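A.B. asks: model_1.cif is reproduced below (mmCIF, C-alpha atoms and all ligand atoms).
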```
data_structure
loop_
_atom_site.group_PDB
_atom_site.id
_atom_site.type_symbol
_atom_site.label_atom_id
_atom_site.label_comp_id
_atom_site.auth_asym_id
_atom_site.auth_seq_id
_atom_site.Cartn_x
_atom_site.Cartn_y
_atom_site.Cartn_z
ATOM 1 C CA GLU U 1 0.000 0.000 0.000
ATOM 2 C CA GLY U 2 0.994 3.617 -0.479
ATOM 3 C CA VAL U 3 2.266 6.110 2.046
ATOM 4 C CA GLY U 4 -0.059 7.500 4.679
ATOM 5 C CA PRO U 5 -3.490 6.366 5.638
ATOM 6 C CA GLN U 6 -6.213 5.465 3.179
ATOM 7 C CA GLU U 7 -9.445 7.419 3.567
ATOM 8 C CA TYR U 8 -12.623 5.423 3.129
ATOM 9 C CA THR U 9 -16.194 6.631 3.015
ATOM 10 C CA LEU U 10 -18.239 4.448 5.356
ATOM 11 C CA ILE U 11 -21.656 3.867 3.866
ATOM 12 C CA LYS U 12 -24.267 3.128 6.501
ATOM 13 C CA MET U 13 -26.561 0.360 5.316
ATOM 14 C CA LYS U 14 -29.503 0.107 7.688
ATOM 15 C CA VAL U 15 -30.853 -3.260 8.806
ATOM 16 C CA LEU U 16 -34.610 -2.975 8.258
ATOM 17 C CA GLU U 17 -35.636 -5.349 11.031
ATOM 18 C CA ASN U 18 -33.446 -6.788 13.799
ATOM 19 C CA LYS U 19 -34.174 -10.479 13.269
ATOM 20 C CA GLY U 20 -32.418 -13.768 13.980
ATOM 21 C CA LYS U 21 -29.126 -13.204 15.778
ATOM 22 C CA LEU U 22 -29.752 -9.454 15.755
ATOM 23 C CA SER U 23 -33.087 -9.749 17.576
ATOM 24 C CA SER U 24 -31.532 -9.114 21.006
ATOM 25 C CA ILE U 25 -30.494 -5.625 19.842
ATOM 26 C CA LYS U 26 -33.124 -2.940 20.263
ATOM 27 C CA ALA U 27 -31.098 -0.048 18.812
ATOM 28 C CA PRO U 28 -30.876 0.618 15.050
ATOM 29 C CA VAL U 29 -28.240 -1.603 13.414
ATOM 30 C CA TYR U 30 -26.136 -0.610 10.397
ATOM 31 C CA LEU U 31 -23.719 -2.642 8.308
ATOM 32 C CA VAL U 32 -20.936 -0.164 7.489
ATOM 33 C CA ALA U 33 -19.282 -0.601 4.086
ATOM 34 C CA ALA U 34 -15.911 0.999 3.265
ATOM 35 C CA THR U 35 -15.763 2.459 -0.227
ATOM 36 C CA LEU U 36 -13.349 4.588 -2.263
ATOM 37 C CA ARG U 37 -16.119 5.540 -4.693
ATOM 38 C CA PRO U 38 -18.989 7.307 -2.899
ATOM 39 C CA GLU U 39 -20.236 8.704 -6.224
ATOM 40 C CA THR U 40 -21.141 5.186 -7.341
ATOM 41 C CA MET U 41 -23.666 4.662 -4.526
ATOM 42 C CA TYR U 42 -26.513 5.387 -6.968
ATOM 43 C CA GLY U 43 -25.832 1.968 -8.472
ATOM 44 C CA GLN U 44 -25.845 -0.225 -5.347
ATOM 45 C CA THR U 45 -27.682 -3.512 -5.841
ATOM 46 C CA ASN U 46 -26.677 -5.409 -2.681
ATOM 47 C CA CYS U 47 -24.202 -5.646 0.174
ATOM 48 C CA TRP U 48 -21.374 -8.203 0.257
ATOM 49 C CA LEU U 49 -20.207 -10.141 3.314
ATOM 50 C CA HIS U 50 -17.771 -13.034 3.451
ATOM 51 C CA PRO U 51 -19.712 -16.024 4.831
ATOM 52 C CA ASP U 52 -16.769 -17.301 6.906
ATOM 53 C CA ILE U 53 -15.414 -14.034 8.270
ATOM 54 C CA LYS U 54 -16.290 -13.040 11.823
ATOM 55 C CA TYR U 55 -18.010 -9.732 12.335
ATOM 56 C CA ILE U 56 -19.083 -7.982 15.521
ATOM 57 C CA ALA U 57 -22.014 -5.749 16.387
ATOM 58 C CA TRP U 58 -20.759 -2.901 18.566
ATOM 59 C CA LYS U 59 -21.973 0.310 20.166
ATOM 60 C CA THR U 60 -21.016 3.585 18.547
ATOM 61 C CA THR U 61 -21.166 7.186 19.706
ATOM 62 C CA ARG U 62 -23.297 8.009 16.648
ATOM 63 C CA ASN U 63 -26.647 8.463 18.399
ATOM 64 C CA ASP U 64 -27.603 5.041 19.666
ATOM 65 C CA GLU U 65 -26.481 3.213 16.574
ATOM 66 C CA VAL U 66 -25.009 -0.257 16.609
ATOM 67 C CA TRP U 67 -22.614 -0.975 13.749
ATOM 68 C CA VAL U 68 -21.474 -4.246 12.227
ATOM 69 C CA SER U 69 -17.887 -4.596 10.992
ATOM 70 C CA THR U 70 -14.876 -6.805 11.528
ATOM 71 C CA ARG U 71 -13.416 -6.621 15.035
ATOM 72 C CA ARG U 72 -10.246 -5.202 13.544
ATOM 73 C CA ALA U 73 -12.089 -2.275 11.937
ATOM 74 C CA ALA U 74 -14.078 -1.605 15.130
ATOM 75 C CA ARG U 75 -10.829 -1.463 17.053
ATOM 76 C CA ASN U 76 -9.368 1.008 14.553
ATOM 77 C CA MET U 77 -12.532 3.098 14.778
ATOM 78 C CA SER U 78 -12.263 3.137 18.574
ATOM 79 C CA TYR U 79 -9.196 5.360 18.028
ATOM 80 C CA GLN U 80 -11.097 7.609 15.615
ATOM 81 C CA GLY U 81 -13.833 8.838 17.939
ATOM 82 C CA PHE U 82 -16.471 6.234 17.172
ATOM 83 C CA THR U 83 -16.626 4.771 20.710
ATOM 84 C CA ALA U 84 -17.340 6.255 24.138
ATOM 85 C CA VAL U 85 -13.892 5.343 25.457
ATOM 86 C CA GLU U 86 -10.870 5.634 23.182
ATOM 87 C CA GLY U 87 -9.400 2.236 22.384
ATOM 88 C CA LYS U 88 -12.356 0.338 23.865
ATOM 89 C CA VAL U 89 -15.011 -1.417 21.786
ATOM 90 C CA GLU U 90 -18.324 -2.327 23.428
ATOM 91 C CA GLU U 91 -19.167 -5.602 21.733
ATOM 92 C CA LEU U 92 -22.767 -6.791 21.716
ATOM 93 C CA LEU U 93 -22.502 -9.839 19.462
ATOM 94 C CA GLU U 94 -20.121 -11.874 17.374
ATOM 95 C CA LEU U 95 -21.523 -13.115 14.079
ATOM 96 C CA THR U 96 -20.301 -14.761 10.916
ATOM 97 C CA GLY U 97 -21.126 -13.307 7.523
ATOM 98 C CA GLN U 98 -23.232 -16.430 6.997
ATOM 99 C CA ASP U 99 -25.436 -15.446 9.971
ATOM 100 C CA LEU U 100 -26.331 -12.197 8.210
ATOM 101 C CA LEU U 101 -26.831 -13.351 4.607
ATOM 102 C CA GLY U 102 -30.232 -12.449 3.178
ATOM 103 C CA THR U 103 -30.707 -9.514 5.555
ATOM 104 C CA PRO U 104 -32.791 -6.722 3.994
ATOM 105 C CA LEU U 105 -31.165 -3.289 4.170
ATOM 106 C CA SER U 106 -31.781 0.253 3.064
ATOM 107 C CA SER U 107 -28.818 2.207 1.748
ATOM 108 C CA PRO U 108 -28.323 5.804 0.577
ATOM 109 C CA LEU U 109 -28.766 6.976 -3.039
ATOM 110 C CA THR U 110 -29.583 3.603 -4.602
ATOM 111 C CA SER U 111 -32.791 3.388 -6.628
ATOM 112 C CA HIS U 112 -33.691 0.145 -4.811
ATOM 113 C CA LYS U 113 -35.790 0.561 -1.677
ATOM 114 C CA VAL U 114 -34.475 -2.706 -0.278
ATOM 115 C CA ILE U 115 -31.217 -4.500 -0.995
ATOM 116 C CA TYR U 116 -29.888 -7.734 0.532
ATOM 117 C CA THR U 117 -26.662 -9.027 1.998
ATOM 118 C CA LEU U 118 -25.115 -11.637 -0.300
ATOM 119 C CA PRO U 119 -21.894 -13.708 -0.172
ATOM 120 C CA MET U 120 -18.625 -12.646 -1.820
ATOM 121 C CA LEU U 121 -15.677 -14.982 -1.417
ATOM 122 C CA SER U 122 -12.895 -12.520 -2.282
ATOM 123 C CA ILE U 123 -13.568 -10.186 0.644
ATOM 124 C CA LYS U 124 -10.422 -9.622 2.666
ATOM 125 C CA GLU U 125 -10.545 -9.736 6.453
ATOM 126 C CA ASP U 126 -7.792 -7.157 6.829
ATOM 127 C CA LYS U 127 -9.126 -4.369 4.639
ATOM 128 C CA GLY U 128 -11.811 -1.798 5.370
ATOM 129 C CA THR U 129 -14.681 -3.101 7.478
ATOM 130 C CA GLY U 130 -15.121 -6.482 5.740
ATOM 131 C CA VAL U 131 -18.487 -5.140 4.573
ATOM 132 C CA VAL U 132 -18.528 -4.126 0.901
ATOM 133 C CA THR U 133 -21.239 -2.333 -0.987
ATOM 134 C CA SER U 134 -21.918 -3.756 -4.423
ATOM 135 C CA VAL U 135 -22.006 -1.636 -7.574
ATOM 136 C CA PRO U 136 -22.000 -4.142 -10.439
ATOM 137 C CA SER U 137 -22.230 -1.421 -13.120
ATOM 138 C CA ASP U 138 -18.783 -0.081 -12.254
ATOM 139 C CA SER U 139 -16.905 -2.725 -10.270
ATOM 140 C CA PRO U 140 -15.867 -5.916 -12.109
ATOM 141 C CA ASP U 141 -15.532 -7.809 -8.802
ATOM 142 C CA ASP U 142 -19.100 -6.881 -7.890
ATOM 143 C CA TYR U 143 -20.422 -7.713 -11.365
ATOM 144 C CA ALA U 144 -18.712 -11.133 -11.408
ATOM 145 C CA ALA U 145 -19.971 -12.058 -7.946
ATOM 146 C CA LEU U 146 -23.534 -10.986 -8.730
ATOM 147 C CA VAL U 147 -23.598 -12.889 -12.031
ATOM 148 C CA ASP U 148 -22.329 -16.003 -10.188
ATOM 149 C CA LEU U 149 -25.340 -15.854 -7.883
ATOM 150 C CA GLN U 150 -27.788 -15.039 -10.678
ATOM 151 C CA LYS U 151 -26.544 -17.872 -12.929
ATOM 152 C CA LYS U 152 -26.310 -20.597 -10.305
ATOM 153 C CA GLU U 153 -29.403 -21.595 -8.389
ATOM 154 C CA ALA U 154 -27.349 -24.079 -6.353
ATOM 155 C CA PHE U 155 -25.110 -21.249 -5.184
ATOM 156 C CA ARG U 156 -28.127 -19.259 -3.987
ATOM 157 C CA GLN U 157 -29.550 -22.316 -2.250
ATOM 158 C CA LYS U 158 -26.278 -23.108 -0.521
ATOM 159 C CA TYR U 159 -26.578 -19.788 1.314
ATOM 160 C CA GLY U 160 -30.330 -19.930 1.864
ATOM 161 C CA LEU U 161 -31.033 -17.019 -0.499
ATOM 162 C CA THR U 162 -34.339 -16.652 -2.300
ATOM 163 C CA ASP U 163 -34.586 -15.651 -5.971
ATOM 164 C CA GLU U 164 -36.162 -12.325 -4.938
ATOM 165 C CA MET U 165 -32.970 -11.319 -3.138
ATOM 166 C CA VAL U 166 -30.833 -11.776 -6.254
ATOM 167 C CA LEU U 167 -32.598 -11.985 -9.615
ATOM 168 C CA PRO U 168 -34.318 -8.566 -9.832
ATOM 169 C CA TYR U 169 -31.054 -6.686 -9.204
ATOM 170 C CA GLU U 170 -29.565 -5.851 -12.597
ATOM 171 C CA PRO U 171 -26.669 -3.365 -12.850
ATOM 172 C CA THR U 172 -27.950 0.216 -13.311
ATOM 173 C CA PRO U 173 -26.212 2.670 -15.676
ATOM 174 C CA ILE U 174 -24.893 5.505 -13.485
ATOM 175 C CA ILE U 175 -21.624 6.604 -15.149
ATOM 176 C CA GLU U 176 -20.741 6.944 -18.839
ATOM 177 C CA VAL U 177 -17.122 6.008 -19.521
ATOM 178 C CA PRO U 178 -15.828 6.936 -23.000
ATOM 179 C CA THR U 179 -15.151 3.761 -25.067
ATOM 180 C CA LEU U 180 -16.439 1.495 -22.237
ATOM 181 C CA GLY U 181 -20.079 2.572 -22.234
ATOM 182 C CA ASN U 182 -22.477 3.019 -19.328
ATOM 183 C CA LEU U 183 -21.906 -0.370 -17.698
ATOM 184 C CA CYS U 184 -18.111 -0.456 -17.759
ATOM 185 C CA ALA U 185 -17.795 -3.473 -15.441
ATOM 186 C CA LYS U 186 -20.051 -5.600 -17.648
ATOM 187 C CA PHE U 187 -18.137 -4.402 -20.732
ATOM 188 C CA ALA U 188 -14.803 -5.449 -19.191
ATOM 189 C CA TYR U 189 -16.227 -8.758 -17.910
ATOM 190 C CA GLU U 190 -17.259 -9.644 -21.450
ATOM 191 C CA LYS U 191 -14.103 -8.280 -23.112
ATOM 192 C CA PHE U 192 -11.858 -10.456 -20.937
ATOM 193 C CA LYS U 193 -14.261 -13.433 -21.050
ATOM 194 C CA ILE U 194 -14.504 -13.690 -17.286
ATOM 195 C CA GLN U 195 -16.301 -16.813 -16.059
ATOM 196 C CA SER U 196 -16.643 -16.220 -12.319
ATOM 197 C CA GLN U 197 -15.486 -14.231 -9.303
ATOM 198 C CA ASN U 198 -12.587 -16.705 -9.028
ATOM 199 C CA ASP U 199 -11.006 -15.557 -12.330
ATOM 200 C CA LYS U 200 -8.441 -13.499 -10.422
ATOM 201 C CA ASP U 201 -6.021 -12.630 -13.239
ATOM 202 C CA LYS U 202 -8.687 -11.590 -15.715
ATOM 203 C CA LEU U 203 -10.423 -9.576 -13.023
ATOM 204 C CA VAL U 204 -7.191 -7.682 -12.405
ATOM 205 C CA GLU U 205 -7.148 -6.722 -16.104
ATOM 206 C CA ALA U 206 -10.813 -5.778 -16.037
ATOM 207 C CA LYS U 207 -10.288 -3.607 -12.972
ATOM 208 C CA GLU U 208 -7.279 -1.858 -14.502
ATOM 209 C CA LEU U 209 -9.375 -1.014 -17.531
ATOM 210 C CA CYS U 210 -12.400 0.240 -15.572
ATOM 211 C CA TYR U 211 -11.040 2.068 -12.564
ATOM 212 C CA LEU U 212 -8.661 4.596 -14.090
ATOM 213 C CA LYS U 213 -10.938 5.472 -16.986
ATOM 214 C CA GLY U 214 -14.030 5.396 -14.798
ATOM 215 C CA PHE U 215 -12.560 7.809 -12.311
ATOM 216 C CA TYR U 216 -10.769 10.209 -14.679
ATOM 217 C CA ASP U 217 -13.037 10.185 -17.747
ATOM 218 C CA GLY U 218 -16.376 9.045 -16.297
ATOM 219 C CA VAL U 219 -19.396 11.347 -16.433
ATOM 220 C CA MET U 220 -22.353 11.054 -14.061
ATOM 221 C CA LEU U 221 -25.583 9.933 -15.730
ATOM 222 C CA VAL U 222 -27.860 10.258 -12.691
ATOM 223 C CA GLY U 223 -28.498 12.278 -9.568
ATOM 224 C CA GLU U 224 -27.992 15.934 -8.853
ATOM 225 C CA PHE U 225 -24.496 15.932 -10.387
ATOM 226 C CA LYS U 226 -25.720 14.483 -13.675
ATOM 227 C CA GLY U 227 -23.502 15.623 -16.579
ATOM 228 C CA LYS U 228 -20.511 16.346 -14.350
ATOM 229 C CA LYS U 229 -17.222 14.471 -14.297
ATOM 230 C CA VAL U 230 -16.819 11.792 -11.625
ATOM 231 C CA GLN U 231 -13.582 13.226 -10.280
ATOM 232 C CA ASP U 232 -15.224 16.622 -9.781
ATOM 233 C CA VAL U 233 -18.229 15.354 -7.805
ATOM 234 C CA LYS U 234 -16.690 12.730 -5.541
ATOM 235 C CA LYS U 235 -15.907 15.126 -2.660
ATOM 236 C CA ASP U 236 -19.256 16.945 -2.885
ATOM 237 C CA LEU U 237 -21.162 13.701 -2.799
ATOM 238 C CA GLN U 238 -19.144 12.497 0.168
ATOM 239 C CA LYS U 239 -19.899 15.774 1.982
ATOM 240 C CA GLN U 240 -23.628 15.402 1.359
ATOM 241 C CA LEU U 241 -23.645 11.863 2.705
ATOM 242 C CA LEU U 242 -21.766 13.031 5.789
ATOM 243 C CA ASN U 243 -24.169 15.940 6.371
ATOM 244 C CA SER U 244 -27.192 13.679 6.127
ATOM 245 C CA LYS U 245 -25.526 11.201 8.520
ATOM 246 C CA GLU U 246 -25.765 8.466 5.927
ATOM 247 C CA ALA U 247 -21.991 8.068 5.874
ATOM 248 C CA ASP U 248 -18.870 8.647 7.929
ATOM 249 C CA ILE U 249 -15.144 8.743 7.287
ATOM 250 C CA TYR U 250 -12.767 6.007 8.311
ATOM 251 C CA TYR U 251 -8.984 5.858 7.956
ATOM 252 C CA GLU U 252 -6.650 2.906 8.023
HETATM 253 B B1 LIG U 301 -15.108 0.023 -3.862
HETATM 254 P P1 LIG U 301 -8.497 -0.657 -1.720
HETATM 255 CL CL1 LIG U 301 -17.896 0.918 -8.024
HETATM 256 N N1 LIG U 301 -12.217 -6.887 0.541
HETATM 257 O O1 LIG U 301 -16.499 0.448 -3.618
HETATM 258 C C1 LIG U 301 -12.318 -6.697 -0.794
HETATM 259 N N2 LIG U 301 -12.712 -5.539 -1.363
HETATM 260 C C2 LIG U 301 -13.015 -4.522 -0.543
HETATM 261 C C3 LIG U 301 -12.936 -4.635 0.865
HETATM 262 C C4 LIG U 301 -12.519 -5.891 1.402
HETATM 263 N N3 LIG U 301 -12.417 -6.089 2.722
HETATM 264 N N4 LIG U 301 -13.318 -3.470 1.409
HETATM 265 C C5 LIG U 301 -13.608 -2.644 0.392
HETATM 266 N N5 LIG U 301 -13.442 -3.269 -0.800
HETATM 267 C C6 LIG U 301 -13.646 -2.740 -2.166
HETATM 268 C C7 LIG U 301 -17.272 0.522 -4.862
HETATM 269 C C8 LIG U 301 -16.225 0.494 -5.931
HETATM 270 C C9 LIG U 301 -14.976 0.247 -5.381
HETATM 271 C C10 LIG U 301 -16.369 0.704 -7.296
HETATM 272 C C11 LIG U 301 -15.251 0.717 -8.089
HETATM 273 C C12 LIG U 301 -13.996 0.483 -7.538
HETATM 274 C C13 LIG U 301 -13.849 0.244 -6.175
HETATM 275 C C14 LIG U 301 -18.284 -0.591 -4.946
HETATM 276 N N6 LIG U 301 -17.807 -1.853 -4.586
HETATM 277 O O2 LIG U 301 -12.640 0.013 -5.589
HETATM 278 O O3 LIG U 301 -7.723 -1.896 -1.804
HETATM 279 C C15 LIG U 301 -14.548 -1.533 -2.237
HETATM 280 O O4 LIG U 301 -15.067 -1.399 -3.542
HETATM 281 C C16 LIG U 301 -11.484 0.088 -6.403
HETATM 282 C C17 LIG U 301 -10.269 -0.421 -5.681
HETATM 283 O O5 LIG U 301 -8.538 -0.038 -0.367
HETATM 284 C C18 LIG U 301 -13.636 -0.324 -2.069
HETATM 285 O O6 LIG U 301 -14.178 0.665 -2.962
HETATM 286 O O7 LIG U 301 -8.028 0.257 -2.802
HETATM 287 C C19 LIG U 301 -12.282 -0.846 -2.524
HETATM 288 O O8 LIG U 301 -12.393 -2.285 -2.634
HETATM 289 C C20 LIG U 301 -11.142 -0.537 -1.568
HETATM 290 O O9 LIG U 301 -9.985 -1.118 -2.087
#
```
Show me, as structure tokens, the structure contained in the file I just sent.
C.D. replies:
Amino acid sequence: EGVGPQEYTLIKMKVLENKGKLSSIKAPVYLVAATLRPETMYGQTNCWLHPDIKYIAWKTTRNDEVWVSTRRAARNMSYQGFTAVEGKVEELLELTGQDLLGTPLSSPLTSHKVIYTLPMLSIKEDKGTGVVTSVPSDSPDDYAALVDLQKKEAFRQKYGLTDEMVLPYEPTPIIEVPTLGNLCAKFAYEKFKIQSQNDKDKLVEAKELCYLKGFYDGVMLVGEFKGKKVQDVKKDLQKQLLNSKEADIYYE
């Protein structure tokens, strides 16, 4: 990694009903996803968790909110003013990603009223919060993982997911990228003939193609910054999400 800390925008994805393992928690619960691309939040179709990673639900100083992240991220956040006592995390529950799959959420800016938590096997334990928001229009990893679930009924069944949680969620055009079109991740997936989320090398190529061009040449197709360049709106969008308390900032 580069020098200095990485700044992430934490997108607060609200659990609509505290059910199952979350039912003992009376406060509002949010899964917090770390993203570098807040301007892509218009295109969210789901949330990714790794089924085998451990997450914790912990008490924040943000109103009465309980957040879900890896223990590692919660510990880092306890030194960034997110807990009552610096360096101390008040843990309410330990969960696996599996425990939370199929949870309905609401998330900022997306056109979908409800999105679901789905499994992604390439999530790293030691990056961000371990919670990833999915934008299959602009992220080849997200597109590949979503197509895997849409193509394979057995894969959905393995994780106890219903068709309604997966099939209606097609990538939404949100950014026009010159020469790559308005669904750059799908374009790259097809160009490099990617077969699944496990096609690591091809996904690296797809990501190289999409990310630089998407960020530097992309133009917003939706929202209040429609017609503007992605790189010019990123900060403004982040600020809006912070003001409306739908996001926070996290460094690591
Ligand atoms: B980004 P960097 Cl549309 N494991 O958000 C794997 N991937 C993770 C992660 C983890 N623990 N935590 C965050 N990420 C993803 C949106 C997006 C992202 C788009 C395009 C590019 C992009 C929607 N997913 O990232 O290693 C998150 O996906 C380009 C790298 O810290 C986060 O931003 O650079 C990004 O990787 C952080 O990766």
A.B. asks: For ligand LIG 301 (chain U), take all atoms listed in the file, fit an axis-aligned box around them, add 3 Å to each of the six sides, then output centre and edge lengths in Å rounded to one decimal, as lines of an AutoDock Vina configuration file.
C.D. replies:
```
center_x = -13.0
center_y = -3.0
center_z = -2.7
size_x = 16.6
size_y = 13.8
size_z = 16.8
```
A.B. asks: How far is it from CA of Arg72 in chain U to CA of Glu125 in chain U, in Å with one decimal?
C.D. replies: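 One can read the CA of Arg72 in chain U to CA of Glu125 in chain U distance as 8.4 Å.
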A.B. asks: Using the chain letters and numbering of this document, enumerate as a list in words the residues selected by the PyMOL selection byres (((chain U and resi 184) around 9) and not hetatm).
C.D. replies: Ser137, Asp138, Ser139, Pro140, Pro173, Ile175, Glu176, Val177, Thr179, Leu180, Gly181, Asn182, Leu183, Ala185, Lys186, Phe187, Ala188, Tyr189, Leu209, Cys210 and Gly214 of chain U
A.B. asks: What does the distance from CA of Asp148 in chain U to CA of Gln197 in chain U come to in Å, to one decimal?
C.D. replies: 7.1 Å
A.B. asks: Work out how far apart CA of Glu246 in chain U and CA of Leu109 in chain U are and give it in Å to one decimal.
C.D. replies: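 For CA of Glu246 in chain U relative to CA of Leu109 in chain U, the distance reads 9.6 Å.
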A.B. asks: For the structure provided, state which residues fall under the PyMOL selection byres (((chain U and resi 153-157) around 12) and not hetatm), and present them as a list in words.
C.D. replies: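 So the PyMOL selection byres (((chain U and resi 153-157) around 12) and not hetatm) ends up selecting Leu101, Gly102, Thr117, Leu118, Pro119, Met120, Leu121, Ala145, Leu146, Val147, Asp148, Leu149, Gln150, Lys151, Lys152, Lys158, Tyr159, Gly160, Leu161, Thr162, Asp163, Glu164, Met165, Val166 and Leu167 of chain U.
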A.B. asks: Please identify the residues whose atoms come within 7 Å of ligand LIG 301 (chain U), using all atoms listed in the file, and report them as a PyMOL selection string.
C.D. replies: chain U and resi 6+34-37+40+122-136+138-139+142+211
A.B. asks: Quick one: of U:Val233, U:Leu16, U:Ile249, U:Ile56, who's nearest to Phe215 in chain U, counting all atoms listed in the file?
C.D. replies: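 Checking each candidate against Phe215 in chain U, we get U:Val233 as the closest.
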A.B. asks: Given the file shown, determine the residues that the PyMOL selection byres (((chain U and resi 219) around 8) and not hetatm) selects; report them as an NGL selection string.
C.D. replies: :U and (175-177 or 217-218 or 220-221 or 226-230)
A.B. asks: Between U:Asp52, U:Gln80, U:Lys207, U:Asn18, which is the closest to Asp248 in chain U once you count all atoms listed in the file?
C.D. replies: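 Nearest to Asp248 in chain U: U:Gln80.
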A.B. asks: With all atoms listed in the file as the basis for distance, which of U:Leu212, U:Leu237, U:Lys200, U:Thr172 is at the shortest distance from Gln44 in chain U?
C.D. replies: U:Thr172
A.B. asks: Do you know which residues are at most 12 Å from Val66 in chain U counting all atoms listed in the file, after dropping those on the same chain fewer than 3 positions away, and could you put them as an MDAnalysis selection string?
C.D. replies: chainID U and resid 12:15 18 22 24:32 56:63 69 74 82:83 89:93
A.B. asks: If you keep C-alpha atoms, can you produce a file of those selected residues as an mmCIF file, in the frame of the given file?
C.D. replies:
```
data_model
loop_
_atom_site.group_PDB
_atom_site.id
_atom_site.type_symbol
_atom_site.label_atom_id
_atom_site.label_comp_id
_atom_site.auth_asym_id
_atom_site.auth_seq_id
_atom_site.Cartn_x
_atom_site.Cartn_y
_atom_site.Cartn_z
ATOM 1 C CA LYS U 12 -24.267 3.128 6.501
ATOM 2 C CA MET U 13 -26.561 0.360 5.316
ATOM 3 C CA LYS U 14 -29.503 0.107 7.688
ATOM 4 C CA VAL U 15 -30.853 -3.260 8.806
ATOM 5 C CA ASN U 18 -33.446 -6.788 13.799
ATOM 6 C CA LEU U 22 -29.752 -9.454 15.755
ATOM 7 C CA SER U 24 -31.532 -9.114 21.006
ATOM 8 C CA ILE U 25 -30.494 -5.625 19.842
ATOM 9 C CA LYS U 26 -33.124 -2.940 20.263
ATOM 10 C CA ALA U 27 -31.098 -0.048 18.812
ATOM 11 C CA PRO U 28 -30.876 0.618 15.050
ATOM 12 C CA VAL U 29 -28.240 -1.603 13.414
ATOM 13 C CA TYR U 30 -26.136 -0.610 10.397
ATOM 14 C CA LEU U 31 -23.719 -2.642 8.308
ATOM 15 C CA VAL U 32 -20.936 -0.164 7.489
ATOM 16 C CA ILE U 56 -19.083 -7.982 15.521
ATOM 17 C CA ALA U 57 -22.014 -5.749 16.387
ATOM 18 C CA TRP U 58 -20.759 -2.901 18.566
ATOM 19 C CA LYS U 59 -21.973 0.310 20.166
ATOM 20 C CA THR U 60 -21.016 3.585 18.547
ATOM 21 C CA THR U 61 -21.166 7.186 19.706
ATOM 22 C CA ARG U 62 -23.297 8.009 16.648
ATOM 23 C CA ASN U 63 -26.647 8.463 18.399
ATOM 24 C CA SER U 69 -17.887 -4.596 10.992
ATOM 25 C CA ALA U 74 -14.078 -1.605 15.130
ATOM 26 C CA PHE U 82 -16.471 6.234 17.172
ATOM 27 C CA THR U 83 -16.626 4.771 20.710
ATOM 28 C CA VAL U 89 -15.011 -1.417 21.786
ATOM 29 C CA GLU U 90 -18.324 -2.327 23.428
ATOM 30 C CA GLU U 91 -19.167 -5.602 21.733
ATOM 31 C CA LEU U 92 -22.767 -6.791 21.716
ATOM 32 C CA LEU U 93 -22.502 -9.839 19.462
#
```
A.B. asks: My list of candidates is U:Thr96, U:Gly87, U:Ala73, U:Thr103. Which is closest to Pro51 in chain U when distances are computed with all atoms listed in the file?
C.D. replies: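 Of U:Thr96, U:Gly87, U:Ala73, U:Thr103, the one nearest Pro51 in chain U, counting all atoms listed in the file, is U:Thr96.
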A.B. asks: With only C-alpha atoms as the atoms that count, which of U:Ala247, U:Ile174, U:Met41, U:Cys47 lies nearest to Val222 in chain U?
C.D. replies: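 Smallest separation from Val222 in chain U among the options: U:Ile174.
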A.B. asks: Can you tell me, as a list in words, which residues sit within 12 Å of (-10.3, -11.1, -23.2) in the file's frame, using only C-alpha atoms?
C.D. replies: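 Checking each residue against the 12 Å limit leaves Phe187, Ala188, Tyr189, Glu190, Lys191, Phe192, Lys193, Ile194, Gln195, Asp199, Asp201, Lys202, Leu203, Val204, Glu205, Ala206 and Leu209 of chain U.
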A.B. asks: Quick one: of U:Tyr116, U:Asn76, U:Asn198, U:Glu86, who's nearest to Pro5 in chain U, counting all atoms listed in the file?
C.D. replies: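 Nearest to Pro5 in chain U: U:Asn76.
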A.B. asks: Is it possible to add N, CA and C atoms to range 93-100 of chain U and hand it back as a PDB file, keeping the file's coordinate frame?
C.D. replies:
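Dumped to selection.pdb:
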```
ATOM      1  N   LEU U  93     -22.343  -8.518  20.073  1.00  0.00           N
ATOM      2  CA  LEU U  93     -22.502  -9.839  19.462  1.00  0.00           C
ATOM      3  C   LEU U  93     -21.331 -10.153  18.570  1.00  0.00           C
ATOM      4  N   GLU U  94     -21.018 -11.429  18.446  1.00  0.00           N
ATOM      5  CA  GLU U  94     -20.121 -11.874  17.374  1.00  0.00           C
ATOM      6  C   GLU U  94     -20.957 -12.689  16.393  1.00  0.00           C
ATOM      7  N   LEU U  95     -20.734 -12.445  15.120  1.00  0.00           N
ATOM      8  CA  LEU U  95     -21.523 -13.115  14.079  1.00  0.00           C
ATOM      9  C   LEU U  95     -20.595 -13.537  12.958  1.00  0.00           C
ATOM     10  N   THR U  96     -21.013 -14.514  12.167  1.00  0.00           N
ATOM     11  CA  THR U  96     -20.301 -14.761  10.916  1.00  0.00           C
ATOM     12  C   THR U  96     -21.074 -14.060   9.805  1.00  0.00           C
ATOM     13  N   GLY U  97     -20.420 -13.867   8.668  1.00  0.00           N
ATOM     14  CA  GLY U  97     -21.126 -13.307   7.523  1.00  0.00           C
ATOM     15  C   GLY U  97     -22.346 -14.161   7.192  1.00  0.00           C
ATOM     16  N   GLN U  98     -22.147 -15.473   7.256  1.00  0.00           N
ATOM     17  CA  GLN U  98     -23.232 -16.430   6.997  1.00  0.00           C
ATOM     18  C   GLN U  98     -24.496 -16.103   7.811  1.00  0.00           C
ATOM     19  N   ASP U  99     -24.293 -15.768   9.097  1.00  0.00           N
ATOM     20  CA  ASP U  99     -25.436 -15.446   9.971  1.00  0.00           C
ATOM     21  C   ASP U  99     -26.279 -14.294   9.422  1.00  0.00           C
ATOM     22  N   LEU U 100     -25.648 -13.426   8.635  1.00  0.00           N
ATOM     23  CA  LEU U 100     -26.331 -12.197   8.210  1.00  0.00           C
ATOM     24  C   LEU U 100     -26.759 -12.223   6.746  1.00  0.00           C
TER      25      LEU U 100
END
```
